[in-house]
Protein chains: 2
Amino acid sequence: MCTVLAIDAGGTTTRAVIVDRSGRCLGLGLASSGNPVSGGIDAAMASLASATQRARAAMGAGSQNGAEPDQFTSAVVAMAGAGLNAPLEQISRALAPLGLRGPVEIVPDVLATYCSGALAPDGYVLVAGTGAVAARIEDRRLAAVSDGLGWLLGDAGSGYWIGHRVASAVTAYLDGRAPQTALTDLLLAALQLPALQLPALAEHRDERPVVLLQLLGALYAMRPAELSRFAPLAFQARDDEVARSILVDAAAALVDTLSSVRDPAVDGPLVLGGSVSSGLLLALPGGPFARSIREGAPPITVPDGIAGAAVLGLERAGIPVDEDTFQQITNGITALRDAARLAGDSQ
Amino acid sequence: MCTVLAIDAGGTTTRAVIVDRSGRCLGLGLASSGNPVSGGIDAAMASLASATQRARAAMGAGSQNGAEPDQFTSAVVAMAGAGLNAPLEQISRALAPLGLRGPVEIVPDVLATYCSGALAPDGYVLVAGTGAVAARIEDRRLAAVSDGLGWLLGDAGSGYWIGHRVASAVTAYLDGRAPQTALTDLLLAALQLPALQLPALAEHRDERPVVLLQLLGALYAMRPAELSRFAPLAFQARDDEVARSILVDAAAALVDTLSSVRDPAVDGPLVLGGSVSSGLLLALPGGPFARSIREGAPPITVPDGIAGAAVLGLERAGIPVDEDTFQQITNGITALRDAARLAGDSQ
């Protein structure tokens with residue numbers, strides 16, 4: 001029996017699914033970050049192996065499919081930023097003890113995200129979560145990519161980008177260089193620092209408010225990329241002028257990123273991934289982002305790239321994926337996700 | 001004999017000088033970063049001890065002063081960001097074996113920089129080097145401070161800020177989202193990457209230019225704060241439109257920082273520290289930065305805070321510093337610097 005292993009090695013979560021040639025999903029497993037860039041190659045390989053192991057175990061436990069293959073005939077791994085130094089050999093070594101007998105292919109994570117939402121050969125994808133990247137897809141391959149350059153140098157409009165601006169706006173306010181903002185109390189609460197009382201602003205050391213020094217201490221103790229956890233505060237405070245202008249700027253940056261991969265000659269669906277893009281559609285429904293996103297067909301929102309990785313896994317194994325197979329895959333993954341969530345809740 | 005130890009614990013270099021009550025400089029010693037925030041408390045204390053040890057040794061070697069005190073009656077240490085957790089006890093412990101018998105006082109580094117340039121009780125100081133901070137001085141104490149919040153959240157217009165924008169402008173250009181710039185070849189050369197040839201831009205992996213992937217690899221391998229080493233490239237390419245606009249934005253940010261500590265009721269000299277502020281005066285002689293800086297008296301440019309730390313050391317020991325003593329201190333430090341440089345060159 002021919003089964004394919006598909007992995008979406010994300011920066012936060014790694015997802016593995018085992019599918020047969022009809023698109024039936026036999027097992028789903030999750031683990032922590034599988035991206036070698038964020039946590040190092042060893043941790044990434046451990047996550048890939050752990051998600052795969054859990055997918056196999058889930059398959060045995062579920063057993064409604066009555067099939068437990070010992071081997072996978074091939075594997076597809078969706079991964080960001082793997083262009084230059086694709087860790088193909090390490091992945092093969094990590095997965096061989098778990099039953100991988102055939103070739104591994106690494107595919108760009110944005111392509112997998114696109115394929116999670118659309119079967120059309122040509123189209124567009126915009127992912128704005130912790131990072132931000134857009135791509136044009138032609139013939140189910142990357143034709144153009146924009147941004148996705150990471151927290152320090154790019155990812156304009158991403159969760160990091162928004163969270164960094166939230167932290168900067170609050171520190172600049174406490175430093176007396178920027179207007180008051182509702183983000184201040186939200187950020188202090190998120191860091192479990194005492195809420196700002198105006199007399200406390202008067203407590204100074206070296207002519208700086210003590211609360212500012214405490215906030216700086218807490219923020220510099222974090223890894224910079226973790227500032228993305230403050231992005232939700234901007235959405236929460238979206239009626240505040242400062243917060244709103246951060247969201248408006250983020251939306252404008254994402255419009256730019258998407259525009260730079262648009263080709264008037266290439267028409268097709270737009271797939272949206274990541275919590276920031278869907279959040280901005282809701283928060284700024286009439287703005288340029290929503291208008292730009294809604295040019296042409298309505299966008300297709302997907303949670304991640306695991307369904308697309310499974311589709312690409314079958315396609316790259318020479319098994320055509322039609323609309324029925326595609327539905328089978330996406331419904332199957334949703335059902336396994338729900339089952340896993342229920343099992344988690346009942347424990 | 002009453003001698004005072006003064007230390008300027010900078011983020012890159014620590015300087016220690018021993019002065020007597022007349023302002024004579026008996027010895028100067030240098031060591032690496034003495035700032036606990038950048039390299040940790042142990043490394044900082046080792047630098048303070050090492051600079052002090054070298055100042056004592058230089059004093060013995062020079063011997064033109066005929067005095068080698070075994071003990072210092074007090075010490076002043078100029079240090080950034082020491083407001084919240086001033087490491088007073090650690091400094092006392094580190095310096096006691098080197099002859100410190102009296103109290104240690106930590107003073108803000110911006111105050112020491114001001115006192116390196118001016119004896120007037122009231123005035124202003126703007127330091128723009130790796131970081132950027134402005135302060136108003138009243139009665140020779142900090143009365144207001146603006147920015148200096150570090151590379152991640154502030155330091156607007158600093159060397160880091162400029163270097164980060166240089167790197168972002170080049171990566172955005174190579175990513176197809178920003179105009180061509182002369183900074184590209186300068187940055188690639190600074191990182192010892194092959195110069196950009198346009199056919200090479202056509203060499204792609206995952207639809208990204210290989211040179212972009214190499215550049216990202218090199219930049220993310222650095223500590224973020226090290227991006228400040230690319231600030232000189234913007235000055236070097238100041239006729240390039242992109243580079244020039246980075247400098248213009250940096251200058252505008254520094255004008256803002258300085259404005260937010262200005263008080264119309266407080267008049268006094270402006271002391272300028274750091275290579276970025278003097279660089280901007282030269283690069284943009286007719287711009288708003290130069291105009292803002294030249295409001296009132298011409299600015300006084302100083303290399304660092306060591307002379308000011310010595311002045312404060314005497315003042316805090318109850319020894320008044322008049323214009324003659326001040327000249328004695330600044331000339332003495334210059335002479336010791338030159339002697340150290342000559343000795344270094346002749347080795």
# chains A, B, ... in the order shown; residues from 1 in each chain; ligands from 1
>>> interface_residues(of="chain B", to="chain A", cutoff="8 Å", atoms="only C-alpha atoms", output="PyMOL selection string")
chain B and resi 83-84+108+142-147+149+152-154+164+167-168+171-172+175-177+205-208+210+213-214+216+220+224+257+260
>>> select_by_dssp(residues="segment 74-237 of chain A", states="helix (DSSP H, G or I)", output="ChimeraX atom specification")
/A:88-98,109-117,159-174,183-190,198-201,210-220,224-236
>>> residues_around(residues="Ile333 of chain A", least_positions_apart="6", cutoff="10 Å", atoms="only C-alpha atoms", output="JSON, numbers by chain")
{"A": [17, 18, 19, 24, 25, 26, 27, 28, 306, 307, 310, 327, 339]}
>>> residues_around(residues="Ala94 of chain B", least_positions_apart="5", cutoff="12 Å", atoms="only C-alpha atoms", output="JSON, numbers by chain")
{"B": [41, 42, 43, 44, 45, 46, 47, 48, 49, 50, 51, 52, 53, 75, 87, 88, 89, 99, 100, 101, 104]}
>>> residues_around(residues="segment 30-33 of chain B", least_positions_apart="6", cutoff="6 Å", atoms="only C-alpha atoms", output="ChimeraX atom specification")
/B:10-15,47,51
>>> write_last_selection(atoms="N, CA and C atoms", output="CSV table (one decimal), in the first residue's frame")
chain,number,residue,atom,x,y,z
B,10,GLY,N,32.3,52.5,28.9
B,10,GLY,CA,31.5,52.6,27.6
B,10,GLY,C,31.1,51.2,27.1
B,11,GLY,N,30.2,51.2,26.1
B,11,GLY,CA,29.7,49.9,25.5
B,11,GLY,C,30.8,49.3,24.7
B,12,THR,N,31.8,50.0,24.2
B,12,THR,CA,32.9,49.5,23.4
B,12,THR,C,34.2,49.5,24.1
B,13,THR,N,34.5,50.7,24.8
B,13,THR,CA,35.8,50.8,25.5
B,13,THR,C,35.5,51.4,26.9
B,14,THR,N,36.4,50.9,27.8
B,14,THR,CA,36.4,51.4,29.2
B,14,THR,C,37.7,52.2,29.3
B,15,ARG,N,37.5,53.4,29.9
B,15,ARG,CA,38.7,54.3,30.1
B,15,ARG,C,38.8,54.6,31.6
B,47,SER,N,36.6,44.4,33.0
B,47,SER,CA,37.1,45.6,32.2
B,47,SER,C,37.5,46.8,33.1
B,51,ALA,N,41.2,48.3,33.2
B,51,ALA,CA,41.5,49.6,32.8
B,51,ALA,C,42.2,50.4,34.0
>>> closest_residue(among="B:Ala189, B:Leu272, B:Val266, B:Gly157", to="Ser245 of chain B", atoms="only C-alpha atoms")
B:Gly157
>>> atom_distance(atom1="atom CA of Pro320 of chain A", atom2="atom CA of Arg21 of chain A")
9.0 Å
>>> residues_around(residues="Ile137 of chain A", least_positions_apart="6", cutoff="12 Å", atoms="only C-alpha atoms", output="PDB file with N, CA and C atoms, in the first residue's frame")
ATOM      1  N   PRO A 108       8.758  24.889  -0.526  1.00  0.00           N
ATOM      2  CA  PRO A 108       8.617  26.154   0.211  1.00  0.00           C
ATOM      3  C   PRO A 108       7.297  26.178   0.984  1.00  0.00           C
ATOM      4  N   VAL A 110       5.349  28.578   1.686  1.00  0.00           N
ATOM      5  CA  VAL A 110       4.270  29.377   1.069  1.00  0.00           C
ATOM      6  C   VAL A 110       3.553  28.590  -0.015  1.00  0.00           C
ATOM      7  N   LEU A 111       4.290  27.722  -0.726  1.00  0.00           N
ATOM      8  CA  LEU A 111       3.640  26.892  -1.750  1.00  0.00           C
ATOM      9  C   LEU A 111       2.661  25.921  -1.079  1.00  0.00           C
ATOM     10  N   ALA A 112       3.083  25.325   0.033  1.00  0.00           N
ATOM     11  CA  ALA A 112       2.195  24.405   0.756  1.00  0.00           C
ATOM     12  C   ALA A 112       0.956  25.145   1.259  1.00  0.00           C
ATOM     13  N   THR A 113       1.146  26.376   1.750  1.00  0.00           N
ATOM     14  CA  THR A 113      -0.014  27.146   2.226  1.00  0.00           C
ATOM     15  C   THR A 113      -0.983  27.400   1.074  1.00  0.00           C
ATOM     16  N   TYR A 114      -0.409  27.794  -0.091  1.00  0.00           N
ATOM     17  CA  TYR A 114      -1.270  27.988  -1.263  1.00  0.00           C
ATOM     18  C   TYR A 114      -2.057  26.709  -1.554  1.00  0.00           C
ATOM     19  N   CYS A 115      -1.370  25.578  -1.582  1.00  0.00           N
ATOM     20  CA  CYS A 115      -2.005  24.309  -1.949  1.00  0.00           C
ATOM     21  C   CYS A 115      -2.974  23.809  -0.876  1.00  0.00           C
ATOM     22  N   ALA A 118      -6.073  25.962  -2.524  1.00  0.00           N
ATOM     23  CA  ALA A 118      -6.467  26.006  -3.933  1.00  0.00           C
ATOM     24  C   ALA A 118      -5.837  24.881  -4.734  1.00  0.00           C
ATOM     25  N   LEU A 119      -6.640  24.327  -5.645  1.00  0.00           N
ATOM     26  CA  LEU A 119      -6.141  23.324  -6.590  1.00  0.00           C
ATOM     27  C   LEU A 119      -5.735  23.966  -7.910  1.00  0.00           C
ATOM     28  N   ALA A 120      -6.153  25.228  -8.118  1.00  0.00           N
ATOM     29  CA  ALA A 120      -5.841  25.914  -9.380  1.00  0.00           C
ATOM     30  C   ALA A 120      -4.328  25.973  -9.569  1.00  0.00           C
ATOM     31  N   PRO A 121      -3.852  25.757 -10.790  1.00  0.00           N
ATOM     32  CA  PRO A 121      -2.397  25.758 -11.005  1.00  0.00           C
ATOM     33  C   PRO A 121      -1.761  27.115 -10.742  1.00  0.00           C
ATOM     34  N   ASP A 122      -2.484  28.213 -11.066  1.00  0.00           N
ATOM     35  CA  ASP A 122      -1.924  29.557 -10.884  1.00  0.00           C
ATOM     36  C   ASP A 122      -2.712  30.318  -9.825  1.00  0.00           C
ATOM     37  N   GLY A 123      -2.005  31.171  -9.079  1.00  0.00           N
ATOM     38  CA  GLY A 123      -2.689  31.994  -8.090  1.00  0.00           C
ATOM     39  C   GLY A 123      -1.692  32.709  -7.201  1.00  0.00           C
ATOM     40  N   TYR A 124      -2.195  33.200  -6.069  1.00  0.00           N
ATOM     41  CA  TYR A 124      -1.376  34.013  -5.164  1.00  0.00           C
ATOM     42  C   TYR A 124      -1.576  33.551  -3.726  1.00  0.00           C
ATOM     43  N   VAL A 125      -0.569  33.799  -2.905  1.00  0.00           N
ATOM     44  CA  VAL A 125      -0.687  33.465  -1.494  1.00  0.00           C
ATOM     45  C   VAL A 125      -0.027  34.577  -0.675  1.00  0.00           C
ATOM     46  N   LEU A 126      -0.689  34.947   0.397  1.00  0.00           N
ATOM     47  CA  LEU A 126      -0.127  35.924   1.346  1.00  0.00           C
ATOM     48  C   LEU A 126      -0.220  35.304   2.726  1.00  0.00           C
ATOM     49  N   ALA A 143       6.602  31.152  -8.539  1.00  0.00           N
ATOM     50  CA  ALA A 143       7.053  31.953  -9.675  1.00  0.00           C
ATOM     51  C   ALA A 143       7.660  33.271  -9.201  1.00  0.00           C
ATOM     52  N   ALA A 144       7.243  33.756  -8.044  1.00  0.00           N
ATOM     53  CA  ALA A 144       7.817  34.981  -7.466  1.00  0.00           C
ATOM     54  C   ALA A 144       7.535  34.982  -5.972  1.00  0.00           C
ATOM     55  N   VAL A 145       8.476  35.523  -5.208  1.00  0.00           N
ATOM     56  CA  VAL A 145       8.325  35.623  -3.749  1.00  0.00           C
ATOM     57  C   VAL A 145       8.686  37.029  -3.331  1.00  0.00           C
ATOM     58  N   VAL A 261       4.288  40.863  -6.061  1.00  0.00           N
ATOM     59  CA  VAL A 261       4.286  39.575  -6.762  1.00  0.00           C
ATOM     60  C   VAL A 261       3.147  39.464  -7.782  1.00  0.00           C
ATOM     61  N   ARG A 262       2.256  40.452  -7.815  1.00  0.00           N
ATOM     62  CA  ARG A 262       1.138  40.395  -8.772  1.00  0.00           C
ATOM     63  C   ARG A 262       1.660  40.530 -10.199  1.00  0.00           C
ATOM     64  N   ASP A 263       1.104  39.752 -11.097  1.00  0.00           N
ATOM     65  CA  ASP A 263       1.422  39.851 -12.526  1.00  0.00           C
ATOM     66  C   ASP A 263       0.079  39.901 -13.246  1.00  0.00           C
ATOM     67  N   VAL A 266      -1.244  36.893 -14.897  1.00  0.00           N
ATOM     68  CA  VAL A 266      -1.524  35.664 -14.148  1.00  0.00           C
ATOM     69  C   VAL A 266      -2.733  35.883 -13.247  1.00  0.00           C
ATOM     70  N   ASP A 267      -3.789  35.168 -13.536  1.00  0.00           N
ATOM     71  CA  ASP A 267      -5.010  35.290 -12.774  1.00  0.00           C
ATOM     72  C   ASP A 267      -5.200  34.010 -11.969  1.00  0.00           C
ATOM     73  N   GLY A 268      -5.820  34.125 -10.810  1.00  0.00           N
ATOM     74  CA  GLY A 268      -6.058  32.926 -10.022  1.00  0.00           C
ATOM     75  C   GLY A 268      -6.468  33.305  -8.623  1.00  0.00           C
ATOM     76  N   PRO A 269      -6.797  32.299  -7.812  1.00  0.00           N
ATOM     77  CA  PRO A 269      -7.279  32.578  -6.458  1.00  0.00           C
ATOM     78  C   PRO A 269      -6.179  33.148  -5.569  1.00  0.00           C
ATOM     79  N   LEU A 270      -6.625  33.840  -4.507  1.00  0.00           N
ATOM     80  CA  LEU A 270      -5.707  34.320  -3.478  1.00  0.00           C
ATOM     81  C   LEU A 270      -5.952  33.515  -2.210  1.00  0.00           C
ATOM     82  N   VAL A 271      -4.903  32.867  -1.725  1.00  0.00           N
ATOM     83  CA  VAL A 271      -4.994  32.121  -0.474  1.00  0.00           C
ATOM     84  C   VAL A 271      -4.338  32.948   0.630  1.00  0.00           C
TER      85      VAL A 271
ATOM     86  N   ASP B 206      14.568  28.878  -5.183  1.00  0.00           N
ATOM     87  CA  ASP B 206      13.218  29.160  -4.675  1.00  0.00           C
ATOM     88  C   ASP B 206      12.776  30.566  -5.053  1.00  0.00           C
ATOM     89  N   GLU B 207      13.107  30.988  -6.273  1.00  0.00           N
ATOM     90  CA  GLU B 207      12.694  32.299  -6.788  1.00  0.00           C
ATOM     91  C   GLU B 207      13.304  33.468  -6.019  1.00  0.00           C
TER      92      GLU B 207
END
>>> select_by_dssp(residues="segment 91-228 of chain B", states="strand (DSSP E)", output="MDAnalysis selection string")
chainID B and resid 104:108 123:128 132:138 141:147 204:205 208:209
>>> write_last_selection(atoms="C-alpha atoms", output="tab-separated table (two decimals), in the first residue's frame")
chain	number	residue	atom	x	y	z
B	104	VAL	CA	32.23	54.74	44.63
B	105	GLU	CA	29.63	56.81	42.84
B	106	ILE	CA	27.98	55.84	39.56
B	107	VAL	CA	27.04	58.77	37.35
B	108	PRO	CA	25.01	58.68	34.12
B	123	GLY	CA	23.29	72.99	29.32
B	124	TYR	CA	22.48	70.18	26.93
B	125	VAL	CA	24.18	67.06	25.63
B	126	LEU	CA	23.45	64.88	22.60
B	127	VAL	CA	25.34	61.62	22.18
B	128	ALA	CA	24.87	59.74	18.90
B	132	ALA	CA	21.54	57.85	20.75
B	133	VAL	CA	20.48	59.87	23.81
B	134	ALA	CA	19.97	63.51	24.73
B	135	ALA	CA	19.84	65.17	28.14
B	136	ARG	CA	19.28	68.52	29.79
B	137	ILE	CA	21.70	69.31	32.58
B	138	GLU	CA	20.79	71.67	35.42
B	141	ARG	CA	22.84	66.99	37.38
B	142	LEU	CA	20.51	65.28	34.92
B	143	ALA	CA	17.27	67.24	34.66
B	144	ALA	CA	15.74	65.42	31.68
B	145	VAL	CA	16.72	62.50	29.44
B	146	SER	CA	15.31	61.42	26.11
B	147	ASP	CA	15.77	58.13	24.25
B	204	HIS	CA	17.87	32.11	-8.14
B	205	ARG	CA	16.89	29.46	-5.66
B	208	ARG	CA	15.08	34.31	-4.63
B	209	PRO	CA	18.41	35.72	-5.82
>>> atom_distance(atom1="atom CA of Gln71 of chain A", atom2="atom CA of Ser92 of chain A")
13.3 Å
>>> atom_distance(atom1="atom CA of Gly131 of chain B", atom2="atom CA of Ala195 of chain A")
28.8 Å
>>> closest_residue(among="B:Leu95, B:Ser74, B:Pro194, B:Val276", to="Trp161 of chain B", atoms="only C-alpha atoms")
B:Val276
